[in-house]
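Student: My file is start_28.pdb. It has PDB, C-alpha atoms:
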ATOM      1  CA  MET T  83       2.953   6.831  39.278
ATOM      2  CA  ALA T  84       1.454   3.371  39.894
ATOM      3  CA  TRP T  85       2.705   2.179  36.499
ATOM      4  CA  GLU T  86       6.241   3.242  37.349
ATOM      5  CA  ILE T  87       6.186   1.521  40.757
ATOM      6  CA  ALA T  88       4.639  -1.677  39.394
ATOM      7  CA  GLY T  89       7.186  -1.713  36.566
ATOM      8  CA  ARG T  90      10.092  -1.347  38.984
ATOM      9  CA  LEU T  91       8.797  -4.177  41.177
ATOM     10  CA  ALA T  92       7.902  -6.542  38.320
ATOM     11  CA  ASP T  93      10.072  -8.196  35.709
ATOM     12  CA  ALA T  94      10.979  -5.516  33.134
ATOM     13  CA  VAL T  95      10.553  -7.942  30.240
ATOM     14  CA  PHE T  96       6.859  -8.445  30.967
ATOM     15  CA  PHE T  97       5.953  -5.115  32.558
ATOM     16  CA  ALA T  98       8.267  -2.228  31.822
ATOM     17  CA  PRO T  99       8.200   0.909  33.962
ATOM     18  CA  PHE T 100       6.703   4.037  32.444
ATOM     19  CA  SER T 101      10.080   5.798  32.305
ATOM     20  CA  GLY T 102      11.539   2.851  30.354
ATOM     21  CA  VAL T 103       8.683   2.985  27.848
ATOM     22  CA  ILE T 104       9.110   6.731  27.318
ATOM     23  CA  THR T 105      12.884   6.371  26.932
ATOM     24  CA  ALA T 106      12.504   3.568  24.380
ATOM     25  CA  TRP T 107       9.835   5.518  22.486
ATOM     26  CA  TRP T 108      12.015   8.623  22.388
ATOM     27  CA  SER T 109      15.023   6.723  21.044
ATOM     28  CA  LEU T 110      12.904   4.867  18.445
ATOM     29  CA  MET T 111      11.270   8.087  17.343
ATOM     30  CA  PHE T 112      14.511   9.884  16.620
ATOM     31  CA  SER T 113      16.479   6.919  15.298
ATOM     32  CA  GLY T 114      13.902   6.352  12.542
ATOM     33  CA  GLY T 115      12.799   2.961  13.839
ATOM     34  CA  LEU T 116       9.305   4.017  14.903
ATOM     35  CA  PRO T 117       8.215   5.533  11.568
ATOM     36  CA  LEU T 118       9.594   2.487   9.776
ATOM     37  CA  ALA T 119       7.677   0.094  12.044
ATOM     38  CA  LEU T 120       4.528   2.198  11.751
ATOM     39  CA  THR T 121       4.779   2.133   7.963
ATOM     40  CA  ALA T 122       5.176  -1.651   7.918
ATOM     41  CA  SER T 123       2.212  -2.124  10.250
ATOM     42  CA  LEU T 124      -0.035   0.208   8.277
ATOM     43  CA  GLN T 125       0.980  -1.475   5.043
ATOM     44  CA  ALA T 126      -0.013  -4.894   6.424
ATOM     45  CA  LEU T 127      -3.271  -3.437   7.746
ATOM     46  CA  LEU T 128      -4.198  -1.810   4.444
ATOM     47  CA  VAL T 129      -3.325  -4.861   2.331
ATOM     48  CA  GLY T 130      -5.033  -7.383   4.627
ATOM     49  CA  PHE T 131      -8.128  -5.314   5.319
ATOM     50  CA  GLY T 132      -8.423  -4.213   1.693
ATOM     51  CA  LEU T 133      -8.380  -7.793   0.450
ATOM     52  CA  ALA T 134     -10.820  -8.836   3.193
ATOM     53  CA  LEU T 135     -13.129  -5.986   2.260
ATOM     54  CA  VAL T 136     -13.184  -6.882  -1.440
ATOM     55  CA  LEU T 137     -13.619 -10.627  -0.903
ATOM     56  CA  GLY T 138     -15.963 -10.296   2.080
ATOM     57  CA  LEU T 139     -18.317  -7.830   0.386
ATOM     58  CA  THR T 140     -18.356  -9.874  -2.808
ATOM     59  CA  VAL T 141     -18.974 -13.254  -1.180
ATOM     60  CA  GLY T 142     -21.385 -11.848   1.406
ATOM     61  CA  SER T 143     -23.387 -10.013  -1.243
ATOM     62  CA  LEU T 144     -23.599 -13.143  -3.373
ATOM     63  CA  MET T 145     -24.676 -15.173  -0.335
ATOM     64  CA  GLY T 146     -27.335 -12.599   0.526
ATOM     65  CA  LEU T 147     -28.724 -12.410  -2.992
ATOM     66  CA  SER T 148     -28.488 -16.040  -4.099
ATOM     67  CA  ARG T 149     -29.760 -19.061  -2.205
ATOM     68  CA  SER T 150     -27.385 -21.299  -4.156
ATOM     69  CA  PHE T 151     -24.346 -19.351  -2.942
ATOM     70  CA  LYS T 152     -25.727 -19.286   0.592
ATOM     71  CA  TYR T 153     -26.244 -23.031   0.735
ATOM     72  CA  LEU T 154     -22.859 -23.651  -0.870
ATOM     73  CA  LEU T 155     -20.760 -21.350   1.344
ATOM     74  CA  ASP T 156     -22.741 -20.776   4.543
ATOM     75  CA  ILE T 157     -21.332 -23.736   6.468
ATOM     76  CA  PHE T 158     -17.746 -22.764   5.631
ATOM     77  CA  VAL T 159     -18.142 -19.079   6.437
ATOM     78  CA  ASN T 160     -19.929 -19.682   9.735
ATOM     79  CA  THR T 161     -17.543 -22.434  10.796
ATOM     80  CA  LEU T 162     -14.477 -20.348  10.062
ATOM     81  CA  MET T 163     -16.032 -17.313  11.726
ATOM     82  CA  VAL T 164     -16.305 -19.081  15.079
ATOM     83  CA  ALA T 165     -13.062 -21.057  14.718
ATOM     84  CA  PRO T 166     -10.162 -19.961  16.936
ATOM     85  CA  LEU T 167      -8.111 -18.258  14.226
ATOM     86  CA  VAL T 168      -5.365 -17.444  16.734
ATOM     87  CA  ALA T 169      -4.286 -21.067  16.357
ATOM     88  CA  VAL T 170      -3.559 -20.460  12.663
ATOM     89  CA  ILE T 171      -1.045 -17.673  13.308
ATOM     90  CA  PRO T 172       1.907 -20.043  13.956
ATOM     91  CA  VAL T 173       1.123 -21.894  10.726
ATOM     92  CA  ILE T 174       1.091 -18.592   8.837
ATOM     93  CA  ALA T 175       4.404 -17.669  10.449
ATOM     94  CA  ILE T 176       5.933 -20.993   9.372
ATOM     95  CA  PHE T 177       4.817 -20.710   5.749
ATOM     96  CA  LEU T 178       4.968 -16.946   5.191
ATOM     97  CA  GLY T 179       7.524 -15.867   7.777
ATOM     98  CA  LEU T 180       7.148 -12.696   9.780
ATOM     99  CA  ASP T 181       7.133 -10.145   6.988
ATOM    100  CA  VAL T 182       4.373  -7.840   5.768
ATOM    101  CA  TRP T 183       2.550 -10.581   3.862
ATOM    102  CA  ALA T 184       2.235 -12.758   6.953
ATOM    103  CA  ARG T 185       0.819  -9.867   8.983
ATOM    104  CA  ALA T 186      -1.533  -9.013   6.111
ATOM    105  CA  ALA T 187      -2.717 -12.634   6.057
ATOM    106  CA  VAL T 188      -3.509 -12.476   9.776
ATOM    107  CA  VAL T 189      -5.452  -9.223   9.339
ATOM    108  CA  PHE T 190      -7.280 -10.777   6.380
ATOM    109  CA  LEU T 191      -8.282 -13.877   8.343
ATOM    110  CA  PHE T 192      -9.592 -11.900  11.287
ATOM    111  CA  ALA T 193     -11.624  -9.526   9.093
ATOM    112  CA  VAL T 194     -12.947 -11.443   6.085
ATOM    113  CA  PHE T 195     -15.532 -13.625   7.824
ATOM    114  CA  VAL T 196     -17.018 -10.784   9.861
ATOM    115  CA  ILE T 197     -17.311  -8.649   6.718
ATOM    116  CA  THR T 198     -18.862 -11.557   4.806
ATOM    117  CA  VAL T 199     -21.527 -12.207   7.439
ATOM    118  CA  ASN T 200     -22.375  -8.507   7.716
ATOM    119  CA  ALA T 201     -22.602  -8.130   3.940
ATOM    120  CA  GLU T 202     -24.908 -11.132   3.757
ATOM    121  CA  ALA T 203     -27.136  -9.720   6.501
ATOM    122  CA  GLY T 204     -27.149  -6.342   4.778
ATOM    123  CA  MET T 205     -28.333  -7.818   1.516
ATOM    124  CA  LYS T 206     -31.284  -9.359   3.336
ATOM    125  CA  ALA T 207     -32.171  -6.097   5.110
ATOM    126  CA  ALA T 208     -34.338  -4.734   2.322
ATOM    127  CA  SER T 209     -38.022  -4.980   3.049
ATOM    128  CA  PRO T 210     -39.804  -7.546   0.855
ATOM    129  CA  ASP T 211     -42.660  -5.056   0.556
ATOM    130  CA  LEU T 212     -40.329  -2.454  -0.964
ATOM    131  CA  ILE T 213     -38.952  -5.010  -3.406
ATOM    132  CA  GLU T 214     -42.488  -6.030  -4.404
ATOM    133  CA  MET T 215     -43.473  -2.378  -4.828
ATOM    134  CA  ALA T 216     -40.428  -1.769  -7.029
ATOM    135  CA  ARG T 217     -41.385  -4.765  -9.169
ATOM    136  CA  SER T 218     -44.929  -3.470  -9.492
ATOM    137  CA  PHE T 219     -43.536  -0.166 -10.798
ATOM    138  CA  GLY T 220     -41.672  -2.076 -13.492
ATOM    139  CA  LEU T 221     -38.118  -1.924 -12.141
ATOM    140  CA  GLY T 222     -35.741  -4.613 -13.377
ATOM    141  CA  ARG T 223     -33.407  -6.705 -11.215
ATOM    142  CA  SER T 224     -30.456  -4.332 -11.550
ATOM    143  CA  GLN T 225     -32.638  -1.309 -10.782
ATOM    144  CA  ILE T 226     -34.128  -3.032  -7.724
ATOM    145  CA  PHE T 227     -30.629  -3.846  -6.544
ATOM    146  CA  ARG T 228     -29.415  -0.276  -7.052
ATOM    147  CA  VAL T 229     -32.491   1.569  -5.735
ATOM    148  CA  VAL T 230     -33.845  -0.721  -2.989
ATOM    149  CA  ILE T 231     -31.446  -3.453  -1.877
ATOM    150  CA  LEU T 232     -28.118  -1.582  -1.877
ATOM    151  CA  PRO T 233     -29.355   1.421   0.159
ATOM    152  CA  ALA T 234     -30.899  -0.968   2.693
ATOM    153  CA  ALA T 235     -27.636  -2.930   2.899
ATOM    154  CA  LEU T 236     -25.287   0.027   3.421
ATOM    155  CA  PRO T 237     -25.750   0.322   7.207
ATOM    156  CA  ALA T 238     -24.669  -3.309   7.628
ATOM    157  CA  PHE T 239     -21.661  -2.784   5.375
TER     158      PHE T 239
END
For this file, produce the structure as C-alpha cells.
Tutor:
Amino acid sequence: MAWEIAGRLADAVFFAPFSGVITAWWSLMFSGGLPLALTASLQALLVGFGLALVLGLTVGSLMGLSRSFKYLLDIFVNTLMVAPLVAVIPVIAIFLGLDVWARAAVVFLFAVFVITVNAEAGMKAASPDLIEMARSFGLGRSQIFRVVILPAALPAF
C-alpha cells in the first residue's frame, strides 16, 4: 500500500508504483521479453563468474603456495581489490558495448579479486604441524597438497 502511494506521488521514472511494476512484469512475462532478458543475464553471470572462478582459484592457489608468486602479484591483487571498480564500468561499456561480453566482464572484475584473496588465504590455512607430520610419514609434495593442504583450503574456497 505504501509503495503504491509513494509511487503515485513520486516521479514514475525513478519510483514506479507497485501496480505499474506488476503490469510491466505481466506484459514482459507473456510477450517473451522477460525470459529473454533472464537468459542474457544468466549467461553473463555464468561466463563472468566462471572465468573469475578459474583464474581466481588458480592465481590465489599459486600465491598461497609460492612466495615468488605472492611477492610478484600481491600488490596488484590487493590494489585492484580495494579499487573502486564501478569507475571502470563506463570504460568497459565504451570498448565492449552493452552486450553479454561487457556484462560478463563486469561480473568478472567484481568477483576475481575476492576469489583470489580467499583462495590464497585458504592455501595458508593448513596447520604447519600437520604438514610437518605428513612429511615425517614420507608423503611427497603432491600428496601433502592433496591430503593436507587442499582439505584445509576448501572452506575458504
Student: In Å, how far is it from CA of Thr161 (chain T) to CA of Gly138 (chain T)?
Tutor: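 Going from CA of Thr161 (chain T) over to CA of Gly138 (chain T) covers 15.0 Å.
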Student: Using the chain letters and numbers from this file, what does the PyMOL selection byres ((chain T and resi 163-167) around 12) select? Give the answer as a PyMOL selection string.
Tutor: chain T and resi 138+156-162+168-174+187-200
Student: Restricting the calculation to all atoms listed in the file, which member of T:Ile176, T:Leu133, T:Val182, T:Ile226 is positioned closest to Thr121 (chain T)?
Tutor: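 Among the listed residues, T:Val182 lies closest to Thr121 (chain T).
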Student: Could you pull the residues within 8 Å of region 204-207 of chain T, counting only C-alpha atoms, minus those fewer than 4 positions along the same chain, as a list of chain:residue names?
Tutor: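 Near neighbours after the sequence-gap exclusion: T:Ser143, T:Gly146, T:Leu147, T:Asn200, T:Ile231, T:Leu232, T:Ala234, T:Ala235, T:Leu236, T:Pro237, T:Ala238, T:Phe239.
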Student: Quick one: axis-aligned box around all listed atoms of region 178-182 of chain T, 6 Å on every side, centre and edge lengths in Å to one decimal, written as AutoDock Vina command-line options.
Tutor:
--center_x 5.9 --center_y -12.4 --center_z 7.5 --size_x 15.2 --size_y 21.1 --size_z 16.6
Student: I'd like to know which of T:Pro117, T:Leu155, T:Trp183, T:Phe219 is closest to Gly142 (chain T), using only C-alpha atoms.
Tutor: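 Checking each of T:Pro117, T:Leu155, T:Trp183, T:Phe219 against Gly142 (chain T), counting only C-alpha atoms, the winner is T:Leu155.
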Student: Fewer than 3 positions away in the same chain doesn't count, so skip those; otherwise give me all residues within 10 Å of Ser101 (chain T), counting all atoms listed in the file, as a PyMOL selection string.
Tutor: chain T and resi 85-86+89-90+98+104-107
Student: Could you tell me which of T:Ala84, T:Gly102, T:Ser123, T:Asp93 comes closest to Arg185 (chain T) if we count all atoms listed in the file?
Tutor: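 Nearest to Arg185 (chain T): T:Ser123.
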Student: Which value, in Å to one decimal, gives the distance between CA of Asp211 (chain T) and CA of Val229 (chain T)?
Tutor: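 These atoms are spaced 13.7 Å apart.
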Student: Closest to Leu128 (chain T) among T:Asp181, T:Arg223, T:Ser218, T:Ala186, using all atoms listed in the file?
Tutor: T:Ala186
Student: Report the distance between CA of Leu137 (chain T) and CA of Ala201 (chain T) in Å, rounded to one decimal place.
Tutor: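 Spanning CA of Leu137 (chain T) to CA of Ala201 (chain T) is a straight-line distance of 10.5 Å.
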